[in-house]
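Enquirer: The structure follows.
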Amino acid sequence: MDTKSNQLNGAESLVETLLGAGIDTCFANPGTSEMHLVGALDRYSRMRCVLGLFEGVVTGAADGYARMTGRPAASLLHLGPGFANGIANLHNARKAGTPMLSIVGEHATYHRQYDAPLSSDIEGLARPVSHWVRTSMTASALGSDVAAAIEASGEGGGKVATLIVPADVAWNSGGQPVTGSGRAAPQIRTDEALVAEAAATLRKEGAALFIGSPGLRDPALSVAGRIAEVTGCRLIGPTSAARARRGAGTVAVERVPYVVDQALNMLSGIRHAVFCGMTEPVAFFAYPGKPSLVLPPEAEIFSVRTRANEVATFLDALADHLGASKPASAHRLLGRGERQPGRGGMTLEGLGASIAALLPDDAILVDESISASFKLLPALRQTAPHDHLQLTGGSIGIGLPLATGAAVAAPNRKTVCLQADGSAMYTLQALWTQARERANVVTVLLANGTYATLHREFANVGFGVPGPNAIAMIDLDKPDLDWVRLAEGMGVPAKEADDLDAFNVAFQHALYEDGPCLIVVNYTG
């Protein structure tokens with residue numbers, strides 16, 4: 001489009017500002033108040049628009065896209081109720097440190113006073129899941145507001161920015177697009193005294209270096225391995241990482257277990273802890289008679305106040321101070337091992353072995369396996385190198401959308417989604433988007449017909465075996481979910497695997513086909 005800037009309306013200036021910042025994909029579920037934004041998006045062929053049939057799919061897919069590209073992802077939502085439908089996965093994105101720009105349509109400025117049926121306090125809804133919130137008030141200011149939102153979304157490595165656009169601000173003329181933020185990237189400096197103190201701490205007996213998601217990919221991960229090699233410290237990451245490089249040949253990093261008793265046991269030997277890019281681990285929930293903090297009370301804690309984009313710089317400075325030039329030795333690297341697919345009856349351990357043996361190099365592994373992860377993930381330490389994306393905020397229903405966005409971002413890589421059946425029902429509409437976009441996603445749907453985590457948690461808080469009323473709230477039967485028909489109804493080919501031999505055949509076939517596929521794995525436990 002060659003329209004001159006003084007002929008643009010607000011919506012067109014918004015799109016031109018997005019494109020000028022390199023944002024060329026928009027995940028959307030628009031309504032009437034966004035039609036001028038839709039019209040503007042329609043005029044620019046460089047912009048790819050991806051429809052989600054539920055707003056939680058839109059926000060989850062934008063999260064997956066941004067995690068893989070490292071660039072801010074844009075989403076378009078309809079008024080306050082539409083934004084509210086997407087909040088759960090915006091919460092997850094916020095916890096992941098994902099750079100995201102959420103654009104929300106609003107009633108025209110002059111219409112807001114009449115309390116129309118869809119009126120709501122959008123800013124009030126947005127603040128708990130956003131680092132930055134603004135309502136744009138004029139077409140001439142919209143371009144600069146978009147630029148400010150983009151800049152805010154990238155601050156510190158990744159934040160959620162919410163920009164609210166009233167309908168008349170979109171349709172009025174006088175839009176002025178903005179190219180670039182107008183500010184130079186901040187220079188990252190490292191405090192030498194801080195580095196020296198961290199280095200001294202890591203040389204002590206019982207020391208551990210805790211590194212957040214930004215340090216779990218190369219080159220930062222290899223630097224962390226060098227630090228561990230020279231100091232002998234343990235390397236520990238969060239329970240769930242936004243994106244981590246794992247598999248054969250990568251530096252091994254322990255994960256803080258989800259189960260509080262396991263976390264207490266794993267961390268019991270730590271006397272000195274340096275935190276870089278993550279905060280002190282806490283129990284996911286409170287339990288009667290159990291602590292909230294899982295590090296030993298006597299542990300010395302040294303926290304490096306690093307933002308996401310500062311983690312790699314600090315690790316480099318730390319390695320230089322320690323003289324850590326030697327790569328991590330073989331015992332600190334994940335091995336490939338003798339990878340053989342599981343055989344015979346369906347077990348989670350056997351399924352993990354099959355996925356580990358068959359996963360292609362450089363795959364993207366999206367994990368919302370929930371309770372199944374305790375038995376699946378150990379086998380996946382010895383598999384081909386891959387990127388691992390996890391549920392970061394604990395709000396279930398992100399797996400299918402996250403995989404969708406990741407596949408849109410990296411269409412030439414195979415995305416494998418390990419998806420529990422209960423949480424899949426929150427956002428199963430993502431399968432339709434996968435079909436429409438021909439996304440290369442293989443979903444391994446783990447079907448045990450229950451919220452197994454809630455069975456365990458019911459016992460953990462002291463109630464023992466659930467009775468009829470509790471069972472009615474945590475089991476998924478009566479009727480059973482027919483995932484083959486659900487997937488095929490969304491346009492995604494699906495197969496069922498009741499044993500490991502059938503799974504191996506279906507999984508290998510799916511890996512070498514283009515487009516999405518779903519494999520239902522029926523298991524108990």
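By convention in this document, the chains of the structure tokens carry letters A, B, ... by their order, each chain's residues are numbered from 1, and ligands are numbered from 1 in the order they are shown.
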Quick one: everything within 10 Å of A:Asp514, counting only C-alpha atoms, minus sequence neighbours fewer than 6 positions away in the same chain. Send it as a PyMOL selection string.

Expert: chain A and resi 411-412+414+438-442

Enquirer: How would the residues just picked look written out with N, CA and C atoms as a compact mmCIF listing (two decimals), in the first residue's frame?

Expert:
```txt
# COMPACT_ATOMS: atom_id res chain seq x y z
N PRO A 411 8.17 -22.78 10.86
CA PRO A 411 7.43 -23.75 10.04
C PRO A 411 8.26 -24.89 9.50
N ASN A 412 9.58 -24.74 9.46
CA ASN A 412 10.44 -25.79 8.92
C ASN A 412 10.94 -26.76 9.98
N LYS A 414 9.80 -29.45 13.21
CA LYS A 414 8.66 -30.22 13.69
C LYS A 414 8.39 -29.87 15.15
N ARG A 438 -1.98 -25.12 8.45
CA ARG A 438 -1.11 -26.25 8.06
C ARG A 438 0.13 -26.29 8.95
N ALA A 439 -0.07 -26.09 10.23
CA ALA A 439 1.03 -26.05 11.19
C ALA A 439 1.61 -27.44 11.41
N ASN A 440 2.92 -27.54 11.43
CA ASN A 440 3.60 -28.83 11.58
C ASN A 440 3.67 -29.24 13.05
N VAL A 441 2.51 -29.61 13.59
CA VAL A 441 2.40 -29.98 15.00
C VAL A 441 1.92 -31.43 15.10
N VAL A 442 2.68 -32.23 15.83
CA VAL A 442 2.23 -33.57 16.19
C VAL A 442 1.83 -33.53 17.66
```

Enquirer: Find the residues around stretch 434-437 of chain A up to 8 Å (only C-alpha atoms counted), leave out those fewer than 4 positions away in its own chain, and share them as a ChimeraX atom specification.

Expert: /A:50,404,408,430,441,490-492,515-516

Enquirer: Suppose we keep N, CA and C atoms; can you now write the selection as an mmCIF file, in the first residue's frame?

Expert:
```cif
data_model
loop_
_atom_site.group_PDB
_atom_site.id
_atom_site.type_symbol
_atom_site.label_atom_id
_atom_site.label_comp_id
_atom_site.auth_asym_id
_atom_site.auth_seq_id
_atom_site.Cartn_x
_atom_site.Cartn_y
_atom_site.Cartn_z
ATOM 1 N N VAL A 50 -3.645 -14.619 11.831
ATOM 2 C CA VAL A 50 -3.926 -15.982 12.264
ATOM 3 C C VAL A 50 -5.121 -15.949 13.206
ATOM 4 N N THR A 404 0.891 -24.253 18.554
ATOM 5 C CA THR A 404 0.429 -23.620 17.311
ATOM 6 C C THR A 404 1.284 -22.403 16.980
ATOM 7 N N VAL A 408 3.947 -21.772 13.842
ATOM 8 C CA VAL A 408 3.840 -20.634 12.921
ATOM 9 C C VAL A 408 5.177 -19.901 12.855
ATOM 10 N N ALA A 430 -7.630 -24.713 19.321
ATOM 11 C CA ALA A 430 -6.327 -24.516 18.676
ATOM 12 C C ALA A 430 -6.093 -25.527 17.567
ATOM 13 N N VAL A 441 2.508 -29.606 13.593
ATOM 14 C CA VAL A 441 2.400 -29.984 14.999
ATOM 15 C C VAL A 441 1.924 -31.431 15.104
ATOM 16 N N MET A 490 -12.203 -30.810 13.891
ATOM 17 C CA MET A 490 -11.476 -29.551 13.748
ATOM 18 C C MET A 490 -10.586 -29.552 12.502
ATOM 19 N N GLY A 491 -10.568 -30.669 11.761
ATOM 20 C CA GLY A 491 -9.763 -30.739 10.546
ATOM 21 C C GLY A 491 -8.381 -31.310 10.735
ATOM 22 N N VAL A 492 -8.113 -31.917 11.904
ATOM 23 C CA VAL A 492 -6.794 -32.497 12.177
ATOM 24 C C VAL A 492 -6.896 -34.013 12.129
ATOM 25 N N GLY A 515 1.850 -30.725 7.982
ATOM 26 C CA GLY A 515 0.589 -30.365 8.596
ATOM 27 C C GLY A 515 0.405 -31.040 9.946
ATOM 28 N N PRO A 516 -0.709 -30.738 10.614
ATOM 29 C CA PRO A 516 -0.921 -31.232 11.969
ATOM 30 C C PRO A 516 -1.440 -32.671 12.011
#
```

Enquirer: Could you tell me, as an mmCIF file with C-alpha atoms, in the first residue's frame, which residues of stretch 187-420 of chain A DSSP assigns to strand (DSSP E or B) when given the backbone?

Expert:
```cif
data_model
loop_
_atom_site.group_PDB
_atom_site.id
_atom_site.type_symbol
_atom_site.label_atom_id
_atom_site.label_comp_id
_atom_site.auth_asym_id
_atom_site.auth_seq_id
_atom_site.Cartn_x
_atom_site.Cartn_y
_atom_site.Cartn_z
ATOM 1 C CA ALA A 207 27.022 -24.125 46.138
ATOM 2 C CA ALA A 208 24.471 -23.973 43.340
ATOM 3 C CA LEU A 209 23.931 -21.564 40.464
ATOM 4 C CA PHE A 210 20.212 -21.106 39.760
ATOM 5 C CA ILE A 211 19.598 -19.837 36.228
ATOM 6 C CA ARG A 234 25.379 -27.457 40.764
ATOM 7 C CA LEU A 235 23.320 -25.932 37.935
ATOM 8 C CA ILE A 236 19.604 -25.693 38.698
ATOM 9 C CA GLY A 237 16.744 -24.206 36.683
ATOM 10 C CA ALA A 244 15.254 -24.295 27.252
ATOM 11 C CA ARG A 245 17.712 -26.155 25.048
ATOM 12 C CA ARG A 246 17.795 -29.809 26.028
ATOM 13 C CA VAL A 251 24.736 -28.838 29.429
ATOM 14 C CA GLU A 254 18.615 -29.906 37.236
ATOM 15 C CA ARG A 255 15.005 -28.755 37.603
ATOM 16 C CA HIS A 272 25.117 -21.364 49.101
ATOM 17 C CA ALA A 273 22.821 -20.283 46.252
ATOM 18 C CA VAL A 274 23.419 -17.716 43.516
ATOM 19 C CA PHE A 275 20.299 -16.707 41.592
ATOM 20 C CA CYS A 276 20.666 -15.299 38.085
ATOM 21 C CA VAL A 282 8.762 -21.682 46.299
ATOM 22 C CA LEU A 293 10.204 -21.937 50.692
ATOM 23 C CA GLU A 300 23.140 -18.362 52.086
ATOM 24 C CA ILE A 301 21.253 -16.676 49.250
ATOM 25 C CA PHE A 302 22.948 -14.324 46.802
ATOM 26 C CA SER A 303 20.524 -12.877 44.285
ATOM 27 C CA VAL A 304 21.760 -11.108 41.168
ATOM 28 C CA LEU A 333 26.435 -32.946 29.334
ATOM 29 C CA GLY A 345 1.769 -52.508 26.431
ATOM 30 C CA ALA A 363 12.405 -30.317 17.150
ATOM 31 C CA ILE A 364 10.308 -28.037 19.331
ATOM 32 C CA LEU A 365 8.877 -29.931 22.287
ATOM 33 C CA VAL A 366 5.876 -28.248 23.916
ATOM 34 C CA ASP A 367 5.043 -29.780 27.265
ATOM 35 C CA GLU A 368 1.670 -29.655 28.984
ATOM 36 C CA HIS A 386 15.560 -29.738 20.920
ATOM 37 C CA ASP A 387 13.881 -26.632 22.312
ATOM 38 C CA HIS A 388 11.628 -27.329 25.287
ATOM 39 C CA LEU A 389 8.675 -24.981 25.977
ATOM 40 C CA GLN A 390 6.728 -25.413 29.202
ATOM 41 C CA THR A 415 6.721 -29.268 16.799
ATOM 42 C CA VAL A 416 5.700 -32.085 19.141
ATOM 43 C CA CYS A 417 3.108 -31.267 21.802
ATOM 44 C CA LEU A 418 2.807 -33.501 24.861
ATOM 45 C CA GLN A 419 -0.731 -32.674 25.919
ATOM 46 C CA ALA A 420 -2.816 -33.907 28.873
#
```

Enquirer: Contacts of stretch 347-350 of chain A at 6 Å or less, counting only C-alpha atoms, minus same-chain residues fewer than 5 places along, as JSON, numbers by chain?

Expert: {"A": [342, 375, 376]}

Enquirer: Please list as an mmCIF file with N, CA and C atoms, in the first residue's frame every residue within 9 Å of A:Leu358, counting only C-alpha atoms and excluding residues in the same chain fewer than 6 positions away.

Expert:
```
data_model
loop_
_atom_site.group_PDB
_atom_site.id
_atom_site.type_symbol
_atom_site.label_atom_id
_atom_site.label_comp_id
_atom_site.auth_asym_id
_atom_site.auth_seq_id
_atom_site.Cartn_x
_atom_site.Cartn_y
_atom_site.Cartn_z
ATOM 1 N N ARG A 339 19.192 -45.289 22.422
ATOM 2 C CA ARG A 339 17.779 -44.935 22.372
ATOM 3 C C ARG A 339 17.001 -45.976 21.574
ATOM 4 N N GLN A 340 16.135 -46.677 22.263
ATOM 5 C CA GLN A 340 15.284 -47.673 21.629
ATOM 6 C C GLN A 340 13.831 -47.380 21.983
ATOM 7 N N PRO A 341 12.938 -47.433 20.997
ATOM 8 C CA PRO A 341 11.526 -47.198 21.300
ATOM 9 C C PRO A 341 10.991 -48.234 22.279
ATOM 10 N N THR A 383 17.792 -37.597 24.373
ATOM 11 C CA THR A 383 17.163 -37.578 23.059
ATOM 12 C C THR A 383 17.893 -36.562 22.196
ATOM 13 N N ALA A 384 17.413 -36.370 20.977
ATOM 14 C CA ALA A 384 18.050 -35.412 20.072
ATOM 15 C C ALA A 384 17.939 -33.997 20.645
ATOM 16 N N ASN A 504 4.453 -46.180 18.016
ATOM 17 C CA ASN A 504 5.699 -45.979 17.270
ATOM 18 C C ASN A 504 5.425 -45.796 15.776
ATOM 19 N N PHE A 507 3.547 -42.375 15.297
ATOM 20 C CA PHE A 507 4.411 -41.225 15.567
ATOM 21 C C PHE A 507 5.418 -41.025 14.435
ATOM 22 N N GLN A 508 6.040 -42.096 13.971
ATOM 23 C CA GLN A 508 6.995 -41.975 12.864
ATOM 24 C C GLN A 508 6.304 -41.455 11.608
ATOM 25 N N LEU A 511 5.624 -37.686 11.970
ATOM 26 C CA LEU A 511 6.819 -36.851 11.917
ATOM 27 C C LEU A 511 7.246 -36.539 10.488
#
```

Enquirer: Skipping near chain neighbours, those fewer than 2 positions away, what residues fall within 8 Å of stretch 7-12 of chain A using only C-alpha atoms, listed as an MDAnalysis selection string?

Expert: chainID A and resid 3:5 14:16 36:37 40:41 138:140 142:143 169:177

Enquirer: Would you write out those residues with N, CA and C atoms, as a PDB file, in the first residue's frame?

Expert:
```pdb
ATOM      1  N   THR A   3      -0.254   4.500   0.407  1.00  0.00           N
ATOM      2  CA  THR A   3      -0.948   5.673   0.918  1.00  0.00           C
ATOM      3  C   THR A   3       0.000   6.562   1.704  1.00  0.00           C
ATOM      4  N   LYS A   4      -0.042   7.858   1.494  1.00  0.00           N
ATOM      5  CA  LYS A   4       0.808   8.773   2.234  1.00  0.00           C
ATOM      6  C   LYS A   4       0.341   8.857   3.684  1.00  0.00           C
ATOM      7  N   SER A   5       1.282   9.164   4.583  1.00  0.00           N
ATOM      8  CA  SER A   5       0.980   9.123   6.009  1.00  0.00           C
ATOM      9  C   SER A   5      -0.128  10.084   6.398  1.00  0.00           C
ATOM     10  N   LEU A  14      -1.467   2.267  12.914  1.00  0.00           N
ATOM     11  CA  LEU A  14      -1.118   1.173  13.828  1.00  0.00           C
ATOM     12  C   LEU A  14      -0.424   0.048  13.071  1.00  0.00           C
ATOM     13  N   VAL A  15      -1.005  -0.372  11.952  1.00  0.00           N
ATOM     14  CA  VAL A  15      -0.434  -1.482  11.196  1.00  0.00           C
ATOM     15  C   VAL A  15       0.927  -1.103  10.625  1.00  0.00           C
ATOM     16  N   GLU A  16       1.054   0.114  10.103  1.00  0.00           N
ATOM     17  CA  GLU A  16       2.349   0.526   9.552  1.00  0.00           C
ATOM     18  C   GLU A  16       3.421   0.595  10.637  1.00  0.00           C
ATOM     19  N   HIS A  36     -12.374  -1.666  11.903  1.00  0.00           N
ATOM     20  CA  HIS A  36     -11.457  -0.779  11.179  1.00  0.00           C
ATOM     21  C   HIS A  36     -10.017  -1.265  11.323  1.00  0.00           C
ATOM     22  N   LEU A  37      -9.690  -1.895  12.419  1.00  0.00           N
ATOM     23  CA  LEU A  37      -8.368  -2.518  12.545  1.00  0.00           C
ATOM     24  C   LEU A  37      -8.255  -3.704  11.596  1.00  0.00           C
ATOM     25  N   ALA A  40      -7.731  -2.383   8.162  1.00  0.00           N
ATOM     26  CA  ALA A  40      -6.352  -1.935   7.953  1.00  0.00           C
ATOM     27  C   ALA A  40      -5.416  -3.129   7.763  1.00  0.00           C
ATOM     28  N   LEU A  41      -5.581  -4.162   8.572  1.00  0.00           N
ATOM     29  CA  LEU A  41      -4.753  -5.361   8.416  1.00  0.00           C
ATOM     30  C   LEU A  41      -4.952  -5.984   7.034  1.00  0.00           C
ATOM     31  N   THR A 138      -6.422   9.458  20.544  1.00  0.00           N
ATOM     32  CA  THR A 138      -6.584  10.151  19.266  1.00  0.00           C
ATOM     33  C   THR A 138      -5.891   9.381  18.151  1.00  0.00           C
ATOM     34  N   ALA A 139      -6.415   9.544  16.944  1.00  0.00           N
ATOM     35  CA  ALA A 139      -5.805   8.873  15.793  1.00  0.00           C
ATOM     36  C   ALA A 139      -4.375   9.344  15.584  1.00  0.00           C
ATOM     37  N   SER A 140      -4.104  10.637  15.807  1.00  0.00           N
ATOM     38  CA  SER A 140      -2.766  11.173  15.572  1.00  0.00           C
ATOM     39  C   SER A 140      -1.747  10.618  16.573  1.00  0.00           C
ATOM     40  N   LEU A 142      -2.028   7.500  17.938  1.00  0.00           N
ATOM     41  CA  LEU A 142      -2.046   6.036  17.971  1.00  0.00           C
ATOM     42  C   LEU A 142      -0.724   5.423  17.537  1.00  0.00           C
ATOM     43  N   GLY A 143      -0.114   5.959  16.481  1.00  0.00           N
ATOM     44  CA  GLY A 143       1.161   5.416  16.025  1.00  0.00           C
ATOM     45  C   GLY A 143       2.220   5.476  17.112  1.00  0.00           C
ATOM     46  N   VAL A 169     -10.926   6.128  17.408  1.00  0.00           N
ATOM     47  CA  VAL A 169      -9.488   6.379  17.269  1.00  0.00           C
ATOM     48  C   VAL A 169      -8.948   5.588  16.077  1.00  0.00           C
ATOM     49  N   ALA A 170      -9.513   4.399  15.840  1.00  0.00           N
ATOM     50  CA  ALA A 170      -9.100   3.585  14.693  1.00  0.00           C
ATOM     51  C   ALA A 170      -9.608   4.155  13.379  1.00  0.00           C
ATOM     52  N   TRP A 171     -10.861   4.653  13.366  1.00  0.00           N
ATOM     53  CA  TRP A 171     -11.408   5.079  12.067  1.00  0.00           C
ATOM     54  C   TRP A 171     -11.132   6.547  11.725  1.00  0.00           C
ATOM     55  N   ASN A 172     -10.813   7.376  12.711  1.00  0.00           N
ATOM     56  CA  ASN A 172     -10.553   8.789  12.407  1.00  0.00           C
ATOM     57  C   ASN A 172      -9.292   8.957  11.570  1.00  0.00           C
ATOM     58  N   SER A 173      -9.270   9.975  10.742  1.00  0.00           N
ATOM     59  CA  SER A 173      -8.096  10.266   9.918  1.00  0.00           C
ATOM     60  C   SER A 173      -7.042  11.001  10.754  1.00  0.00           C
ATOM     61  N   GLY A 174      -5.855  11.106  10.180  1.00  0.00           N
ATOM     62  CA  GLY A 174      -4.774  11.813  10.857  1.00  0.00           C
ATOM     63  C   GLY A 174      -3.761  10.905  11.519  1.00  0.00           C
ATOM     64  N   GLY A 175      -3.818   9.604  11.183  1.00  0.00           N
ATOM     65  CA  GLY A 175      -2.859   8.663  11.761  1.00  0.00           C
ATOM     66  C   GLY A 175      -1.437   8.946  11.328  1.00  0.00           C
ATOM     67  N   GLN A 176      -0.499   8.844  12.260  1.00  0.00           N
ATOM     68  CA  GLN A 176       0.910   9.095  11.975  1.00  0.00           C
ATOM     69  C   GLN A 176       1.731   7.870  12.398  1.00  0.00           C
ATOM     70  N   PRO A 177       2.144   7.029  11.447  1.00  0.00           N
ATOM     71  CA  PRO A 177       2.934   5.854  11.834  1.00  0.00           C
ATOM     72  C   PRO A 177       4.303   6.256  12.365  1.00  0.00           C
TER      73      PRO A 177
END
```

Enquirer: Please provide as a VMD selection string all residues within 6 Å of A:Pro385, with the sequence filter that same-chain residues fewer than 2 positions apart are discarded (counting only C-alpha atoms).

Expert: chain A and resid 246 to 248 361 to 362

Enquirer: Keeping only C-alpha atoms, write those residues as a PDB file, in the first residue's frame.

Expert:
```pdb
ATOM      1  CA  ARG A 246      17.795 -29.809  26.028  1.00  0.00           C
ATOM      2  CA  GLY A 247      18.851 -33.151  24.640  1.00  0.00           C
ATOM      3  CA  ALA A 248      22.114 -34.835  23.713  1.00  0.00           C
ATOM      4  CA  ASP A 361      16.931 -33.236  15.596  1.00  0.00           C
ATOM      5  CA  ASP A 362      16.052 -29.623  16.410  1.00  0.00           C
TER       6      ASP A 362
END
```

Enquirer: Give one line per residue of stretch 131-235 of chain A that approaches stretch 109-123 of chain A to at most 9 Å, naming the two atoms of the closest pair and their distance in Å to one decimal, counting only C-alpha atoms; sort by chain then ascending residue number and deliver it as a tab-separated table.

Expert:
```
residue	atom	partner	partner_atom	distance
A:Val133	CA	A:Glu123	CA	6.7
A:Arg134	CA	A:Glu123	CA	7.5
A:Thr135	CA	A:Glu123	CA	7.8
A:Met137	CA	A:Thr109	CA	7.6
A:Thr162	CA	A:Glu123	CA	8.5
A:Ile164	CA	A:Ile122	CA	7.7
A:Pro166	CA	A:Thr109	CA	6.0
A:Ala167	CA	A:Thr109	CA	7.5
A:Asp168	CA	A:Thr109	CA	6.7
A:Val169	CA	A:Thr109	CA	7.9
```

Enquirer: Next, the residues of the selection above should be written as a PDB file, in the first residue's frame with C-alpha atoms.

Expert:
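Result saved to result_17.pdb:
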```pdb
ATOM      1  CA  VAL A 133      -1.324  -0.509  29.886  1.00  0.00           C
ATOM      2  CA  ARG A 134      -2.521   2.476  27.876  1.00  0.00           C
ATOM      3  CA  THR A 135      -5.720   3.619  26.161  1.00  0.00           C
ATOM      4  CA  MET A 137      -7.233   8.659  22.726  1.00  0.00           C
ATOM      5  CA  THR A 162      -1.715  -3.933  26.495  1.00  0.00           C
ATOM      6  CA  ILE A 164      -6.582  -0.310  24.125  1.00  0.00           C
ATOM      7  CA  PRO A 166     -11.341   2.917  20.860  1.00  0.00           C
ATOM      8  CA  ALA A 167     -13.189   2.420  17.587  1.00  0.00           C
ATOM      9  CA  ASP A 168     -13.219   6.096  16.608  1.00  0.00           C
ATOM     10  CA  VAL A 169      -9.488   6.379  17.269  1.00  0.00           C
TER      11      VAL A 169
END
```

Enquirer: Please compute the atom CA of A:Ala263-atom CA of A:Thr239 distance, one decimal, in Å.

Expert: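 Going from atom CA of A:Ala263 over to atom CA of A:Thr239, I get 9.5 Å.
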
Enquirer: Between atom CA of A:Cys26 and atom CA of A:Met425, what is the distance in Å, rounded to a tenth?

Expert: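 Between these atoms lies a distance of 24.0 Å.
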
Enquirer: Hey, which of A:Ala141, A:Val38, A:Val311, A:Ala126 ends up closest to A:Gly157? Count only C-alpha atoms.

Expert: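 Ranked by minimum distance to A:Gly157, first place goes to A:Val311.
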
Enquirer: Work out how far apart atom CA of A:Ile474 and atom CA of A:Ala452 are and give it in Å to one decimal.

Expert: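 Atom-to-atom, atom CA of A:Ile474 to atom CA of A:Ala452, that is 7.8 Å.
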
Enquirer: Need the shell around A:Ser395: protein/DNA/RNA residues with any atom at most 12 Å away, counting only C-alpha atoms. Skip same-chain ones fewer than 4 positions apart. Format as a PyMOL selection string?

Expert: chain A and resi 56+60+86-96+284+368+370+390-391+399+423-424+426-427

Enquirer: Go ahead and save the residues from that selection, with C-alpha atoms, as a compact mmCIF listing (two decimals), in the first residue's frame.

Expert:
```txt
# COMPACT_ATOMS: atom_id res chain seq x y z
CA GLY A 56 -7.14 -18.19 25.03
CA GLY A 60 -1.34 -18.75 23.94
CA GLY A 86 -7.47 -14.56 26.96
CA ILE A 87 -6.24 -13.64 30.45
CA ALA A 88 -5.17 -17.14 31.56
CA ASN A 89 -2.55 -17.43 28.84
CA LEU A 90 -1.52 -13.79 29.22
CA HIS A 91 -0.79 -14.75 32.83
CA ASN A 92 1.41 -17.59 31.57
CA ALA A 93 3.13 -15.24 29.12
CA ARG A 94 3.81 -12.74 31.89
CA LYS A 95 5.40 -15.46 34.03
CA ALA A 96 7.43 -16.62 31.02
CA PHE A 284 3.49 -24.24 43.95
CA GLU A 368 1.67 -29.65 28.98
CA ILE A 370 0.97 -32.32 33.67
CA GLN A 390 6.73 -25.41 29.20
CA LEU A 391 3.73 -24.16 31.16
CA GLY A 399 -0.19 -26.58 25.34
CA SER A 423 -6.08 -29.24 30.02
CA ALA A 424 -6.52 -29.81 26.28
CA TYR A 426 -9.63 -25.66 27.75
CA THR A 427 -8.35 -24.65 24.31
```

Enquirer: Could you tell me which of A:Ala74, A:Ala356, A:Val253, A:Ala161 comes closest to A:Gly22 if we count only C-alpha atoms?

Expert: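 For A:Gly22, the nearest of the given residues is A:Ala74.
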
Enquirer: Name the residues of stretch 244-348 of chain A that fall into alpha helix (DSSP H) according to DSSP on the backbone, using the chain letters and numbers of this document, as a list in words.

Expert: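 Selection result, alpha helix (DSSP H) within stretch 244-348 of chain A: Val260, Asp261, Gln262, Ala263, Leu264, Asn265, Met266, Val311, Ala312, Thr313, Phe314, Leu315, Asp316, Ala317, Leu318, Ala319, Asp320, His321, Leu322 and Leu348 of chain A.
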
Enquirer: Mind dumping the selected residues with N, CA and C atoms as a short mmCIF file (atom, residue, chain, number, x, y, z; two decimals), in the first residue's frame?

Expert:
```cif
data_model
loop_
_atom_site.label_atom_id
_atom_site.label_comp_id
_atom_site.auth_asym_id
_atom_site.auth_seq_id
_atom_site.Cartn_x
_atom_site.Cartn_y
_atom_site.Cartn_z
N VAL A 260 6.45 -30.73 46.41
CA VAL A 260 7.20 -30.00 47.42
C VAL A 260 8.14 -30.91 48.19
N ASP A 261 7.74 -32.13 48.53
CA ASP A 261 8.63 -33.04 49.26
C ASP A 261 9.85 -33.40 48.43
N GLN A 262 9.65 -33.58 47.13
CA GLN A 262 10.79 -33.88 46.24
C GLN A 262 11.71 -32.68 46.14
N ALA A 263 11.14 -31.48 46.09
CA ALA A 263 11.96 -30.27 46.02
C ALA A 263 12.79 -30.11 47.29
N LEU A 264 12.18 -30.32 48.43
CA LEU A 264 12.91 -30.22 49.70
C LEU A 264 14.07 -31.20 49.75
N ASN A 265 13.83 -32.42 49.28
CA ASN A 265 14.87 -33.44 49.29
C ASN A 265 16.00 -33.09 48.32
N MET A 266 15.65 -32.66 47.10
CA MET A 266 16.66 -32.35 46.09
C MET A 266 17.56 -31.18 46.52
N VAL A 311 21.01 -11.59 31.65
CA VAL A 311 21.50 -12.86 32.20
C VAL A 311 22.76 -13.32 31.48
N ALA A 312 22.73 -13.34 30.15
CA ALA A 312 23.90 -13.82 29.40
C ALA A 312 25.12 -12.95 29.66
N THR A 313 24.91 -11.63 29.75
CA THR A 313 26.02 -10.72 30.01
C THR A 313 26.64 -11.00 31.37
N PHE A 314 25.80 -11.21 32.39
CA PHE A 314 26.33 -11.49 33.73
C PHE A 314 27.08 -12.81 33.75
N LEU A 315 26.53 -13.85 33.11
CA LEU A 315 27.22 -15.14 33.09
C LEU A 315 28.56 -15.03 32.38
N ASP A 316 28.64 -14.26 31.30
CA ASP A 316 29.92 -14.04 30.61
C ASP A 316 30.94 -13.39 31.55
N ALA A 317 30.49 -12.36 32.27
CA ALA A 317 31.39 -11.67 33.19
C ALA A 317 31.84 -12.59 34.32
N LEU A 318 30.92 -13.41 34.79
CA LEU A 318 31.23 -14.36 35.86
C LEU A 318 32.25 -15.39 35.39
N ALA A 319 32.06 -15.91 34.17
CA ALA A 319 33.01 -16.88 33.63
C ALA A 319 34.39 -16.25 33.43
N ASP A 320 34.44 -15.01 32.95
CA ASP A 320 35.72 -14.32 32.77
C ASP A 320 36.42 -14.13 34.11
N HIS A 321 35.67 -13.74 35.13
CA HIS A 321 36.27 -13.52 36.46
C HIS A 321 36.85 -14.83 37.01
N LEU A 322 36.17 -15.94 36.75
CA LEU A 322 36.60 -17.24 37.25
C LEU A 322 37.68 -17.88 36.39
N LEU A 348 3.81 -45.05 30.54
CA LEU A 348 4.39 -43.74 30.34
C LEU A 348 5.91 -43.82 30.19
#
```
